[in-house]
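*Asks:* Below is one structure. I have some questions about it.
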Amino acid sequence: MTAEVNLAVELPGLKLKNPVMPASGTFAFGDLPENFNWDEMGAIVLKTATRHARTGNPQPQISLLADGVMNAVGLTNPGAEVVASEKIPALREKHPNLPILASVGGESVEDYVEVAEILAAAKPDALELNLSCPNVSEGGMTFGIVPEMVEKITRLVKEKVDLPVYVKLTPNVTSIVEIAQAAERGGADGLTLINTLLGLHLDLKTRRPVLGNDFGGLSGQAVKPVAVRMVAQVRQATSLPIIGVGGINSPEDAAEFILAGASAVQIGSMAFHDKLAIKHVIDGLPAVLADMGASDVTSLVGQWQSNKQ
């Protein structure tokens with residue numbers, strides 16, 4: 001019989017019954033499978049909203065790999081006004097006890113601030129700034145690789161909204177620590193890392209990229225060691241709580257992120273292969289943590305030990 005393990009986690013603006021949630025884009029704006037009680041999730045993160053509706057990049061937008069997913073969706077969404085007036089209220093009505101993180105995108109500094117204000121008016125529990133999506137030629141990637149811009153956008157958004165703000169970081173940088181520290185200086189309440197690694201998948205017969213946008217973001221099991229390493233580095237360099245994401249396929253993967261320094265985790269690519277992946281991680285996590293000798297998930301956060309003396 002598995003020992004009782006407390007999975008509850010409290011983060012700025014978020015009281016989570018467990019530390020597991022879907023990553024932004026996984027279930028759009030609440031398009032959840034019906035064969036799972038989604039109120040069992042720790043929270044839900046919405047697909048990124050932009051100032052105006054976007055149809056996304058040319059097809060194909062997604063390519064499934066043996067150990068991951070390549071995507072170049074391009075932030076397809078109905079626009080921030082629709083998300084705020086329709087999507088968030090509908091989700092809140094259906095799942096009143098499920099914490100909501102609304103994801104903010106933009107193509108300019110002003111966009112980020114305006115979208116944040118629009119979404120905040122719908123009263124999600126927190127905002128997640130997507131400064132790291134590699135699929136839009138003018139937007140997240142531009143800002144997410146420059147510490148000064150990360151700090152500026154974070155600060156301006158914090159000045160305008162009365163909600164906790166989590167900054168989602170791109171791994172496509174020389175130093176993830178510098179970007180994390182910039183977000184902290186800007187007043188971020190927490191960090192989400194990592195987003196996708198920029199990649200290219202070629203078709204040998206056509207000699208062309210598989211994705212319609214040529215380059216795309218790599219996620220899934222292939223990126224997990226990179227994500228765990230970055231979580232560990234950022235945990236040591238900042239005081240902000242971290243939501244870890246990148247290649248989590250199992251309860252053991254989630255526990256590894258927690259040990260590295262994540263207070264909570266997000267699951268994305270695995271849901272393409274298994275719509276109930278989040279349920280499986282939630283259900284299996286207590287036994288994994290109990291085997292590690294923990295009675296409370298928070299006691300393991302950042303408790304890895306280096307082999308170097």
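In the structure tokens, chains take the letters A, B, ... in the order shown, each chain's residues start at 1, and ligands count up from 1 in the order shown.
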Mind the document's chain letters and residue numbers, and return as a PyMOL selection string the residues of region 14-206 of chain A that DSSP labels helix (DSSP H, G or I).
*Replies:* chain A and resi 38-40+80-94+109-120+140-144+147-160+176-185
*Asks:* I'd like the contact shell of Leu259 (chain A) - 8 Å cut-off, only C-alpha atoms, skipping same-chain residues fewer than 5 positions apart - returned as a PyMOL selection string.
*Replies:* chain A and resi 300-304
*Asks:* Quick one: distance from CA of Met270 (chain A) to CA of Asp189 (chain A) in Å, one decimal?
*Replies:*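 Separation of CA of Met270 (chain A) and CA of Asp189 (chain A): 27.3 Å.
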*Asks:* For a quick check of understanding, using only C-alpha atoms, which of A:Glu93, A:Glu159, A:Asp214, A:Glu256 has the smallest distance to Val231 (chain A)?
*Replies:* A:Glu256
*Asks:* Compile the contact shell of Asp253 (chain A) as an NGL selection string: residues with an atom at most 12 Å away, counting only C-alpha atoms, same-chain residues fewer than 2 positions apart removed.
*Replies:* :A and (20 or 220-221 or 223-225 or 227-228 or 244-251 or 255-260 or 262 or 264-267 or 270 or 278 or 280-282 or 284-285 or 288-289)
*Asks:* Ala8 (chain A): which residues within 12 Å, counting only C-alpha atoms, same-chain residues fewer than 4 positions away excluded, as a list in words?
*Replies:*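 After dropping sequence-adjacent residues, the list is Leu14, Lys15, Leu16, Lys17, Asn18, Pro19, Val20, Glu40, Met41, Gly42, Ala43, Ser263, Ala264, Ile282, Pro286, Ser295, Asp296, Val297, Thr298 and Ser299 of chain A.
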*Asks:* Take CA of Glu178 (chain A) and CA of Leu218 (chain A) and report the distance between them in Å, one decimal.
*Replies:*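 A separation of 22.3 Å between them.
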*Asks:* If you measure from CA of Ala254 (chain A) to CA of Ala183 (chain A), what distance in Å do you get, rounded to one decimal?
*Replies:*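 Calculated distance between CA of Ala254 (chain A) and CA of Ala183 (chain A) is 24.2 Å.
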*Asks:* Report as JSON, numbers by chain all protein, DNA and RNA residues lying within 7 Å of Ala28 (chain A), evaluated on only C-alpha atoms, omitting residues in the same chain fewer than 2 positions from it.
*Replies:* {"A": [25, 26, 30, 31, 46, 47]}
*Asks:* Save the residues we just selected, C-alpha atoms, as a PDB file, in the first residue's frame?
*Replies:*
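Result written to out15.pdb:
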ATOM      1  CA  GLY A  25      -1.408  24.891 -26.419  1.00  0.00           C
ATOM      2  CA  THR A  26      -2.027  21.315 -25.335  1.00  0.00           C
ATOM      3  CA  GLY A  30     -10.386  24.135 -22.599  1.00  0.00           C
ATOM      4  CA  ASP A  31     -10.939  21.502 -25.291  1.00  0.00           C
ATOM      5  CA  LEU A  46      -4.531  28.241 -21.976  1.00  0.00           C
ATOM      6  CA  LYS A  47      -3.221  28.505 -25.512  1.00  0.00           C
TER       7      LYS A  47
END
*Asks:* Which residues of region 73-149 of chain A come within 12 Å of region 60-66 of chain A, and for each one, what is the closest pair of atoms and their distance in Å to one decimal, counting only C-alpha atoms, sorted by chain and residue number, as a Markdown table?
*Replies:*
| residue | atom | partner | partner_atom | distance |
| --- | --- | --- | --- | --- |
| A:Val73 | CA | A:Gln61 | CA | 4.9 |
| A:Gly74 | CA | A:Gln61 | CA | 8.1 |
| A:Leu75 | CA | A:Gln61 | CA | 10.7 |
| A:Thr76 | CA | A:Gln61 | CA | 10.5 |
| A:Asn135 | CA | A:Gln61 | CA | 9.9 |
*Asks:* Within 12 Å of Pro147 (chain A), counting only C-alpha atoms, which residues show up once you throw out same-chain ones fewer than 6 positions away? Write them as a list in words, please.
*Replies:*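 Near Pro147 (chain A), the qualifying residues are Leu131, Met141, Ile153, Thr154, Leu169, Thr170, Val173, Thr174, Ser175, Ile176, Val177, Glu178, Ile179, Ala180, Gln181, Ala182, Ala183, Glu184, Arg185 and Gly186 of chain A.
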*Asks:* May I have the residues within 10 Å of Pro33 (chain A) as a list in words, using only C-alpha atoms and disregarding those fewer than 4 positions away in the same chain?
*Replies:* Phe27, Asn37, Trp38, Lys275 and Leu276 of chain A
*Asks:* Could those residues be written to a file, using C-alpha atoms, as a CSV table (one decimal), in the first residue's frame?
*Replies:*
chain,number,residue,atom,x,y,z
A,27,PHE,CA,-5.8,21.6,-24.9
A,37,ASN,CA,-12.3,14.5,-14.6
A,38,TRP,CA,-10.2,17.6,-15.4
A,275,LYS,CA,-4.7,12.3,-24.3
A,276,LEU,CA,-4.8,10.9,-20.7
